[in-house]
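Text of entry18.cif, listed as mmCIF, C-alpha atoms, pLDDT in the B column; chains and numbers go by the auth columns:
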data_input
loop_
_atom_site.group_PDB
_atom_site.id
_atom_site.type_symbol
_atom_site.label_atom_id
_atom_site.label_comp_id
_atom_site.label_asym_id
_atom_site.label_seq_id
_atom_site.Cartn_x
_atom_site.Cartn_y
_atom_site.Cartn_z
_atom_site.B_iso_or_equiv
_atom_site.auth_seq_id
_atom_site.auth_asym_id
ATOM 1 C CA MET A 1 109.488 121.913 73.750 60.00 1 A
ATOM 2 C CA GLY A 2 110.868 121.061 70.358 62.00 2 A
ATOM 3 C CA GLY A 3 112.187 124.561 69.726 75.00 3 A
ATOM 4 C CA LEU A 4 108.703 126.094 69.628 80.00 4 A
ATOM 5 C CA THR A 5 107.975 129.508 71.071 88.00 5 A
ATOM 6 C CA HIS A 6 105.625 129.545 74.025 90.00 6 A
ATOM 7 C CA ASP A 7 102.814 130.829 71.824 93.00 7 A
ATOM 8 C CA GLU A 8 103.446 128.076 69.298 94.00 8 A
ATOM 9 C CA GLU A 9 103.514 125.466 72.044 95.00 9 A
ATOM 10 C CA PHE A 10 100.235 126.822 73.408 97.00 10 A
ATOM 11 C CA ASP A 11 98.734 126.492 69.920 97.00 11 A
ATOM 12 C CA ARG A 12 100.038 122.926 69.668 97.00 12 A
ATOM 13 C CA GLN A 13 98.565 121.927 73.016 98.00 13 A
ATOM 14 C CA LEU A 14 95.204 123.513 72.254 98.00 14 A
ATOM 15 C CA GLN A 15 95.079 121.762 68.882 98.00 15 A
ATOM 16 C CA THR A 16 95.916 118.456 70.588 98.00 16 A
ATOM 17 C CA LEU A 17 92.924 118.886 72.873 98.00 17 A
ATOM 18 C CA LEU A 18 90.693 119.667 69.901 98.00 18 A
ATOM 19 C CA ASP A 19 92.037 116.710 67.925 98.00 19 A
ATOM 20 C CA LYS A 20 91.323 114.387 70.849 98.00 20 A
ATOM 21 C CA GLY A 21 87.710 115.490 70.950 98.00 21 A
ATOM 22 C CA TYR A 22 87.757 117.420 74.208 98.00 22 A
ATOM 23 C CA PRO A 23 84.888 119.746 73.202 98.00 23 A
ATOM 24 C CA ALA A 24 82.573 116.788 72.634 98.00 24 A
ATOM 25 C CA LEU A 25 83.735 115.147 75.862 98.00 25 A
ATOM 26 C CA ALA A 26 82.894 118.385 77.656 98.00 26 A
ATOM 27 C CA GLY A 27 79.504 118.572 75.952 98.00 27 A
ATOM 28 C CA ILE A 28 80.227 121.909 74.277 98.00 28 A
ATOM 29 C CA GLY A 29 81.194 123.169 70.836 98.00 29 A
ATOM 30 C CA VAL A 30 84.704 123.766 69.536 98.00 30 A
ATOM 31 C CA GLU A 31 84.372 127.545 69.682 98.00 31 A
ATOM 32 C CA GLU A 32 83.101 127.534 73.259 98.00 32 A
ATOM 33 C CA PHE A 33 85.848 125.156 74.349 98.00 33 A
ATOM 34 C CA THR A 34 88.460 127.349 72.685 98.00 34 A
ATOM 35 C CA ARG A 35 87.067 130.411 74.467 97.00 35 A
ATOM 36 C CA LEU A 36 87.583 128.638 77.781 96.00 36 A
ATOM 37 C CA ILE A 37 91.227 127.906 77.014 97.00 37 A
ATOM 38 C CA GLU A 38 92.399 131.057 75.214 97.00 38 A
ATOM 39 C CA PRO A 39 92.525 133.379 78.283 96.00 39 A
ATOM 40 C CA LEU A 40 95.353 131.218 79.608 97.00 40 A
ATOM 41 C CA ARG A 41 97.572 132.444 76.769 96.00 41 A
ATOM 42 C CA GLU A 42 97.746 135.853 78.424 94.00 42 A
ATOM 43 C CA LEU A 43 99.271 134.233 81.510 94.00 43 A
ATOM 44 C CA LEU A 44 102.227 132.717 79.632 92.00 44 A
ATOM 45 C CA PRO A 45 104.752 135.547 80.151 89.00 45 A
ATOM 46 C CA ARG A 46 104.231 135.555 83.917 85.00 46 A
ATOM 47 C CA ALA A 47 103.840 131.787 84.214 85.00 47 A
ATOM 48 C CA VAL A 48 106.909 130.694 82.270 82.00 48 A
ATOM 49 C CA SER A 49 109.100 133.190 84.115 78.00 49 A
ATOM 50 C CA ALA A 50 108.811 130.730 87.026 63.00 50 A
ATOM 51 C CA VAL A 51 110.383 127.914 85.016 69.00 51 A
ATOM 52 C CA ALA A 52 113.666 126.702 86.443 59.00 52 A
ATOM 53 C CA THR A 53 116.654 126.293 84.151 54.00 53 A
ATOM 54 C CA GLY A 54 116.937 122.563 84.579 56.00 54 A
ATOM 55 C CA GLN A 55 117.784 119.841 82.092 57.00 55 A
ATOM 56 C CA ASP A 56 115.063 119.277 79.493 63.00 56 A
ATOM 57 C CA PRO A 57 112.318 121.070 81.431 73.00 57 A
ATOM 58 C CA ILE A 58 108.624 120.962 80.565 92.00 58 A
ATOM 59 C CA PRO A 59 107.839 124.701 80.739 93.00 59 A
ATOM 60 C CA PHE A 60 104.047 124.521 80.926 96.00 60 A
ATOM 61 C CA LEU A 61 100.952 122.435 80.328 97.00 61 A
ATOM 62 C CA ILE A 62 97.324 123.327 79.698 98.00 62 A
ATOM 63 C CA VAL A 63 95.378 121.440 82.370 98.00 63 A
ATOM 64 C CA VAL A 64 91.709 120.673 81.736 98.00 64 A
ATOM 65 C CA ARG A 65 89.927 119.827 84.954 97.00 65 A
ATOM 66 C CA GLY A 66 88.084 116.546 85.343 97.00 66 A
ATOM 67 C CA SER A 67 84.946 118.514 86.135 96.00 67 A
ATOM 68 C CA LEU A 68 84.914 119.658 82.496 98.00 68 A
ATOM 69 C CA VAL A 69 86.268 116.577 80.721 98.00 69 A
ATOM 70 C CA PRO A 70 85.772 113.291 82.627 98.00 70 A
ATOM 71 C CA THR A 71 89.091 111.839 83.718 98.00 71 A
ATOM 72 C CA VAL A 72 88.653 108.306 82.427 98.00 72 A
ATOM 73 C CA ALA A 73 87.423 109.576 79.051 98.00 73 A
ATOM 74 C CA ALA A 74 90.530 111.768 78.808 98.00 74 A
ATOM 75 C CA VAL A 75 92.774 108.831 79.734 98.00 75 A
ATOM 76 C CA GLU A 76 91.198 106.759 76.981 98.00 76 A
ATOM 77 C CA ARG A 77 92.431 109.432 74.540 98.00 77 A
ATOM 78 C CA PHE A 78 96.054 108.799 75.538 98.00 78 A
ATOM 79 C CA GLU A 79 98.157 107.261 72.798 97.00 79 A
ATOM 80 C CA VAL A 80 101.584 105.744 73.347 96.00 80 A
ATOM 81 C CA ARG A 81 103.170 103.671 70.593 93.00 81 A
ATOM 82 C CA GLY A 82 99.788 103.312 68.934 95.00 82 A
ATOM 83 C CA LYS A 83 98.057 102.024 72.074 97.00 83 A
ATOM 84 C CA ALA A 84 95.121 103.864 73.668 98.00 84 A
ATOM 85 C CA GLY A 85 95.026 104.624 77.382 98.00 85 A
ATOM 86 C CA TRP A 86 92.960 102.771 79.946 98.00 86 A
ATOM 87 C CA SER A 87 92.110 102.921 83.633 98.00 87 A
ATOM 88 C CA ASP A 88 90.646 100.599 86.229 96.00 88 A
ATOM 89 C CA MET A 89 89.717 103.538 88.489 97.00 89 A
ATOM 90 C CA ALA A 90 86.435 104.581 86.863 96.00 90 A
ATOM 91 C CA ASP A 91 84.405 103.828 89.981 96.00 91 A
ATOM 92 C CA GLU A 92 86.621 105.827 92.339 96.00 92 A
ATOM 93 C CA ILE A 93 88.592 108.475 90.466 97.00 93 A
ATOM 94 C CA ASP A 94 86.124 111.281 91.218 95.00 94 A
ATOM 95 C CA SER A 95 86.756 110.794 94.933 97.00 95 A
ATOM 96 C CA TYR A 96 90.391 111.917 94.562 98.00 96 A
ATOM 97 C CA LYS A 97 90.751 115.600 95.484 97.00 97 A
ATOM 98 C CA PRO A 98 93.711 117.984 95.865 97.00 98 A
ATOM 99 C CA ILE A 99 95.497 117.490 99.166 97.00 99 A
ATOM 100 C CA ASP A 100 95.988 120.220 101.752 96.00 100 A
ATOM 101 C CA GLY A 101 98.494 122.761 100.495 95.00 101 A
ATOM 102 C CA VAL A 102 97.716 122.138 96.822 97.00 102 A
ATOM 103 C CA ASP A 103 95.801 125.172 95.618 94.00 103 A
ATOM 104 C CA VAL A 104 94.210 124.580 92.227 96.00 104 A
ATOM 105 C CA PRO A 105 93.005 127.706 90.366 96.00 105 A
ATOM 106 C CA LEU A 106 89.309 128.236 89.875 92.00 106 A
ATOM 107 C CA GLY A 107 87.863 127.713 86.427 93.00 107 A
ATOM 108 C CA PRO A 108 87.701 124.750 84.065 96.00 108 A
ATOM 109 C CA ALA A 109 91.319 125.005 82.888 98.00 109 A
ATOM 110 C CA TYR A 110 94.640 126.453 84.047 98.00 110 A
ATOM 111 C CA LEU A 111 98.390 126.306 83.479 97.00 111 A
ATOM 112 C CA VAL A 112 100.890 124.253 85.451 97.00 112 A
ATOM 113 C CA VAL A 113 104.549 125.214 85.000 96.00 113 A
ATOM 114 C CA ASP A 114 108.015 123.678 85.221 94.00 114 A
ATOM 115 C CA VAL A 115 106.757 120.098 85.266 96.00 115 A
ATOM 116 C CA ASP A 116 109.005 117.201 86.262 95.00 116 A
ATOM 117 C CA THR A 117 108.299 113.459 86.398 97.00 117 A
ATOM 118 C CA GLY A 118 110.367 112.955 89.523 96.00 118 A
ATOM 119 C CA LYS A 119 113.424 111.019 88.423 95.00 119 A
ATOM 120 C CA ASP A 120 115.079 111.932 91.719 95.00 120 A
ATOM 121 C CA THR A 121 112.290 110.180 93.624 97.00 121 A
ATOM 122 C CA LEU A 122 112.454 106.815 91.862 97.00 122 A
ATOM 123 C CA ASN A 123 112.328 104.000 94.425 97.00 123 A
ATOM 124 C CA VAL A 124 111.170 106.449 97.115 98.00 124 A
ATOM 125 C CA ARG A 125 107.903 105.812 98.948 98.00 125 A
ATOM 126 C CA PRO A 126 105.238 108.401 98.018 98.00 126 A
ATOM 127 C CA ASN A 127 104.858 109.177 101.728 97.00 127 A
ATOM 128 C CA ASP A 128 108.541 110.112 101.804 98.00 128 A
ATOM 129 C CA ALA A 129 108.606 111.819 98.402 98.00 129 A
ATOM 130 C CA LEU A 130 105.929 114.348 99.313 98.00 130 A
ATOM 131 C CA PRO A 131 108.000 116.220 101.934 97.00 131 A
ATOM 132 C CA MET A 132 110.949 116.133 99.523 97.00 132 A
ATOM 133 C CA ILE A 133 108.827 117.936 96.917 97.00 133 A
ATOM 134 C CA THR A 134 107.360 120.520 99.262 97.00 134 A
ATOM 135 C CA GLY A 135 110.718 121.042 100.958 97.00 135 A
ATOM 136 C CA ALA A 136 112.149 122.025 97.583 95.00 136 A
ATOM 137 C CA GLY A 137 109.440 124.665 97.192 95.00 137 A
ATOM 138 C CA ARG A 138 107.566 122.668 94.593 96.00 138 A
ATOM 139 C CA THR A 139 104.075 121.184 94.450 97.00 139 A
ATOM 140 C CA PRO A 140 103.001 117.589 93.706 98.00 140 A
ATOM 141 C CA LEU A 141 101.069 116.964 90.519 98.00 141 A
ATOM 142 C CA THR A 142 97.344 116.263 90.739 98.00 142 A
ATOM 143 C CA THR A 143 95.550 113.629 88.701 98.00 143 A
ATOM 144 C CA ASP A 144 94.289 116.282 86.266 98.00 144 A
ATOM 145 C CA GLU A 145 97.853 117.489 85.775 98.00 145 A
ATOM 146 C CA GLY A 146 99.099 113.959 85.193 98.00 146 A
ATOM 147 C CA VAL A 147 96.404 113.525 82.558 98.00 147 A
ATOM 148 C CA ALA A 148 97.534 116.766 80.905 98.00 148 A
ATOM 149 C CA LEU A 149 101.153 115.622 80.880 98.00 149 A
ATOM 150 C CA VAL A 150 100.493 112.268 79.193 98.00 150 A
ATOM 151 C CA THR A 151 97.961 113.842 76.809 98.00 151 A
ATOM 152 C CA GLN A 152 100.411 116.456 75.573 98.00 152 A
ATOM 153 C CA LEU A 153 103.708 114.575 75.919 97.00 153 A
ATOM 154 C CA PRO A 154 102.932 110.844 75.846 97.00 154 A
ATOM 155 C CA GLU A 155 106.598 110.075 75.292 95.00 155 A
ATOM 156 C CA VAL A 156 107.335 110.902 78.935 96.00 156 A
ATOM 157 C CA LEU A 157 106.171 107.398 79.831 97.00 157 A
ATOM 158 C CA THR A 158 108.796 105.855 77.571 95.00 158 A
ATOM 159 C CA ASP A 159 111.600 108.439 77.320 93.00 159 A
ATOM 160 C CA ARG A 160 111.670 109.665 80.935 93.00 160 A
ATOM 161 C CA ASN A 161 110.086 107.751 83.797 96.00 161 A
ATOM 162 C CA CYS A 162 106.545 106.876 84.776 98.00 162 A
ATOM 163 C CA PHE A 163 105.144 108.921 87.626 98.00 163 A
ATOM 164 C CA GLN A 164 102.645 109.315 90.449 98.00 164 A
ATOM 165 C CA ALA A 165 100.245 112.162 91.202 98.00 165 A
ATOM 166 C CA LEU A 166 100.740 112.693 94.926 98.00 166 A
ATOM 167 C CA GLY A 167 98.687 115.893 94.824 98.00 167 A
ATOM 168 C CA SER A 168 95.383 113.995 94.549 98.00 168 A
ATOM 169 C CA ARG A 169 94.222 111.656 97.295 98.00 169 A
ATOM 170 C CA ALA A 170 91.050 110.005 98.508 97.00 170 A
ATOM 171 C CA ASP A 171 90.273 108.630 101.949 96.00 171 A
ATOM 172 C CA ASN A 172 92.538 105.646 101.428 96.00 172 A
ATOM 173 C CA LYS A 173 96.223 104.751 101.030 96.00 173 A
ATOM 174 C CA ARG A 174 96.219 104.768 97.229 97.00 174 A
ATOM 175 C CA VAL A 175 98.140 107.188 95.025 98.00 175 A
ATOM 176 C CA PRO A 176 97.039 107.785 91.403 98.00 176 A
ATOM 177 C CA SER A 177 99.828 106.658 89.087 98.00 177 A
ATOM 178 C CA PHE A 178 100.604 106.787 85.364 98.00 178 A
ATOM 179 C CA TRP A 179 102.609 104.033 83.693 98.00 179 A
ATOM 180 C CA ILE A 180 102.703 101.544 80.836 97.00 180 A
ATOM 181 C CA SER A 181 100.682 98.419 81.599 96.00 181 A
ATOM 182 C CA LYS A 182 99.824 95.628 79.172 93.00 182 A
ATOM 183 C CA GLY A 183 101.695 97.646 76.563 95.00 183 A
ATOM 184 C CA ALA A 184 99.394 100.672 76.908 97.00 184 A
ATOM 185 C CA PRO A 185 99.333 103.884 78.958 98.00 185 A
ATOM 186 C CA ARG A 186 97.395 103.434 82.177 98.00 186 A
ATOM 187 C CA LEU A 187 95.986 105.452 85.044 98.00 187 A
ATOM 188 C CA GLY A 188 95.988 103.172 88.056 98.00 188 A
ATOM 189 C CA TRP A 189 97.086 103.363 91.673 97.00 189 A
ATOM 190 C CA CYS A 190 99.863 102.202 93.944 97.00 190 A
ATOM 191 C CA TRP A 191 100.141 102.151 97.731 97.00 191 A
ATOM 192 C CA ALA A 192 101.430 105.315 99.385 97.00 192 A
ATOM 193 C CA GLY A 193 103.841 103.277 101.505 97.00 193 A
ATOM 194 C CA ASN A 194 105.411 101.246 98.705 97.00 194 A
ATOM 195 C CA PRO A 195 108.453 102.339 96.656 96.00 195 A
ATOM 196 C CA HIS A 196 108.754 101.518 92.952 96.00 196 A
ATOM 197 C CA THR A 197 111.944 101.659 90.912 96.00 197 A
ATOM 198 C CA TRP A 198 110.004 102.845 87.858 95.00 198 A
ATOM 199 C CA LEU A 199 107.654 105.418 89.447 98.00 199 A
ATOM 200 C CA GLY A 200 108.757 108.923 90.376 98.00 200 A
ATOM 201 C CA ALA A 201 106.724 111.598 92.122 98.00 201 A
ATOM 202 C CA GLY A 202 105.572 114.183 89.575 98.00 202 A
ATOM 203 C CA SER A 203 105.861 117.831 90.570 97.00 203 A
ATOM 204 C CA ALA A 204 105.669 121.397 89.284 96.00 204 A
ATOM 205 C CA ALA A 205 106.810 124.874 90.236 95.00 205 A
ATOM 206 C CA GLY A 206 103.282 126.307 90.366 95.00 206 A
ATOM 207 C CA ARG A 207 99.869 126.888 88.857 97.00 207 A
ATOM 208 C CA TYR A 208 98.311 129.867 87.085 96.00 208 A
ATOM 209 C CA GLY A 209 94.627 130.396 86.321 94.00 209 A
ATOM 210 C CA ALA A 210 92.658 133.044 84.509 76.00 210 A
ATOM 211 C CA ALA A 211 89.695 132.925 86.877 58.00 211 A
#
Show me, as structure tokens, the structure contained in the file I just sent.
Amino acid sequence: MGGLTHDEEFDRQLQTLLDKGYPALAGIGVEEFTRLIEPLRELLPRAVSAVATGQDPIPFLIVVRGSLVPTVAAVERFEVRGKAGWSDMADEIDSYKPIDGVDVPLGPAYLVVDVDTGKDTLNVRPNDALPMITGAGRTPLTTDEGVALVTQLPEVLTDRNCFQALGSRADNKRVPSFWISKGAPRLGWCWAGNPHTWLGAGSAAGRYGAA
């Protein structure tokens, strides 16, 4: 990530969260918020050892769970080309939970490693992309992890490809998706049975939590 060491990248991501007002969104002070995140630093050596040597990998992300910082509020802190994020899922987003086989660490925050936006799954139906991901020994991104990705690396939506979070589902056929809409970054949804040339299936190598 820009030639930074893992410690430096951790510092950058933590500062991004502070700059975007995450402590206030969580209803706690800056010091308390920082204390929740800092234990994850100790996991970096073990976590990043799982990173594959692919082209332009995203080694790790700090993921803040929606139970600590509300998802829609976090999305509204996105910024791509000077435009703030938005979502039309405020009334339903809390009903989306990790699917079977996606084990999210306990605690308010954790690390997700070796993140990919799913270029190889462009124009593949989400229903078909999921077994491709799991068959490769990887795990689909959740909504919280998609939020973390766009928060920390907003350029993925313009320099790579937009993506879907197949790891979070509700009792419907919708898949949370992240893309540029009306010129701004958006969290919306697309049907699980429909392919899109511009939406890949986001995935990661694994998750690591301090709790």
Self-check item: Minimum-distance residue to A:Gln15, chosen among A:Cys190, A:Val30, A:Ala73, A:Val156 (using all atoms listed in the file)
Solution: A:Val30
Quiz item: Contacts of A:Gly137 at 10 Å or less, counting only C-alpha atoms, minus same-chain residues fewer than 6 places along, as a PyMOL selection string?
Solution: chain A and resi 131+204-206
Exercise. Could you give me, as JSON, numbers by chain, the residues within 8 Å of A:Pro154, counting only C-alpha atoms and dropping anything in the same chain fewer than 6 positions from it?
Key: {"A": [78, 79, 80]}
Let me see the file: selected residues, C-alpha atoms, as a tab-separated table (two decimals), keeping the file's coordinate frame.
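The result, stored in out-v6.tsv:
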chain	number	residue	atom	x	y	z
A	78	PHE	CA	96.05	108.80	75.54
A	79	GLU	CA	98.16	107.26	72.80
A	80	VAL	CA	101.58	105.74	73.35
Self-check item: Between atom CA of A:Gly101 and atom CA of A:Ser168, distance in Å (one decimal)
Solution: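 Separation between atom CA of A:Gly101 and atom CA of A:Ser168: 11.0 Å.
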Excluding A:Ser67 and any residue of its chain fewer than 6 positions from it, enumerate the residues within 10 Å of it, using all atoms listed in the file, and give them as a CSV table (one decimal) with C-alpha atoms, in the frame of the given file.
chain,number,residue,atom,x,y,z
A,26,ALA,CA,82.9,118.4,77.7
A,94,ASP,CA,86.1,111.3,91.2
A,107,GLY,CA,87.9,127.7,86.4
A,108,PRO,CA,87.7,124.8,84.1
A,109,ALA,CA,91.3,125.0,82.9
A,144,ASP,CA,94.3,116.3,86.3
Work out where the centre of an axis-aligned box around every listed atom of stretch 22-25 of chain A lies and how long its edges are once 3 Å is added on each side; give both in Å to one decimal as JSON.
{"center_x": 85.2, "center_y": 117.4, "center_z": 74.2, "size_x": 11.2, "size_y": 10.6, "size_z": 9.2}
Within 9 Å of (100.6, 123.1, 87.5), only C-alpha atoms: residues as a compact mmCIF listing (two decimals) with C-alpha atoms, keeping the file's coordinate frame?
# COMPACT_ATOMS: atom_id res chain seq x y z
CA PHE A 60 104.05 124.52 80.93
CA LEU A 61 100.95 122.44 80.33
CA ILE A 62 97.32 123.33 79.70
CA VAL A 63 95.38 121.44 82.37
CA VAL A 104 94.21 124.58 92.23
CA TYR A 110 94.64 126.45 84.05
CA LEU A 111 98.39 126.31 83.48
CA VAL A 112 100.89 124.25 85.45
CA VAL A 113 104.55 125.21 85.00
CA ASP A 114 108.02 123.68 85.22
CA VAL A 115 106.76 120.10 85.27
CA THR A 139 104.08 121.18 94.45
CA PRO A 140 103.00 117.59 93.71
CA LEU A 141 101.07 116.96 90.52
CA THR A 142 97.34 116.26 90.74
CA GLU A 145 97.85 117.49 85.78
CA SER A 203 105.86 117.83 90.57
CA ALA A 204 105.67 121.40 89.28
CA ALA A 205 106.81 124.87 90.24
CA GLY A 206 103.28 126.31 90.37
CA ARG A 207 99.87 126.89 88.86
CA TYR A 208 98.31 129.87 87.08
Self-check item: Contacts of A:Arg169 at 8 Å (only C-alpha atoms; same-chain gap of 6+ positions) as a ChimeraX atom specification
Solution: /A:95-99,175-176
Those selected residues, please, written with C-alpha atoms and delivered as a CSV table (one decimal), in the coordinates of the input.
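Result file is part_33.csv:
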chain,number,residue,atom,x,y,z
A,95,SER,CA,86.8,110.8,94.9
A,96,TYR,CA,90.4,111.9,94.6
A,97,LYS,CA,90.8,115.6,95.5
A,98,PRO,CA,93.7,118.0,95.9
A,99,ILE,CA,95.5,117.5,99.2
A,175,VAL,CA,98.1,107.2,95.0
A,176,PRO,CA,97.0,107.8,91.4
Quiz item: Which residues match the PyMOL selection byres ((chain A and resi 121) around 10) in the file above, as JSON, numbers by chain?
Solution: {"A": [117, 118, 119, 120, 122, 123, 124, 125, 126, 128, 129, 130, 132, 133, 163, 195, 196, 197, 198, 199, 200, 201, 202]}
Quiz item: Given the file above and the PyMOL selection byres ((chain A and resi 71) around 10), which residues are selected, and can you give them as a ChimeraX atom specification?
Solution: /A:64-70,72-76,87,89-90,93-94,143-144,147,187
Quiz item: Taking all atoms listed in the file into account, which of A:Arg77, A:Asp171, A:His6, A:Pro45 comes nearest A:Gln152?
Solution: A:Arg77
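In terms of minimum interatomic distance to A:Gly85, A:Gly183 ranks closest within A:Gly183, A:Pro59, A:Gly209, A:Gly193, counting all atoms listed in the file.
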Practice problem: Kindly give the distance, in Å, that separates atom CA of A:Trp86 and atom CA of A:Glu8, rounded to a single decimal. | Solution: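 Result for atom CA of A:Trp86 versus atom CA of A:Glu8: 29.4 Å, one decimal.
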Self-check item: Separation of atom CA of A:Arg138 from atom CA of A:Gly167, in Å and rounded to one decimal
Solution: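 Pair atom CA of A:Arg138 / atom CA of A:Gly167 returns 11.2 Å.
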Self-check item: Shortest interatomic distance to A:Asp11 - which of A:Lys173, A:Arg160, A:Arg81, A:Arg41, counting all atoms listed in the file
Solution: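 Answer, going by the shortest atom-to-atom distance: A:Arg41.
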Quiz item: Of the candidates A:Ser181, A:Asp116, A:Ala210, A:Gly27, which shows the shortest atom-to-atom distance to A:Pro39, using all atoms listed in the file?
Solution: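 Smallest separation from A:Pro39 among the options: A:Ala210.
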Self-check item: Using all atoms listed in the file: which of A:Ser49, A:Thr5, A:Leu14, A:Ile180 has the shortest distance to A:Ala84
Solution: A:Ile180
Exercise. For A:Phe33, list every protein, DNA or RNA residue within 9 Å, evaluated using only C-alpha atoms, and leave out those in the same chain fewer than 5 positions away; present the list as a PyMOL selection string.
Key: chain A and resi 18+22-23+26+28+38
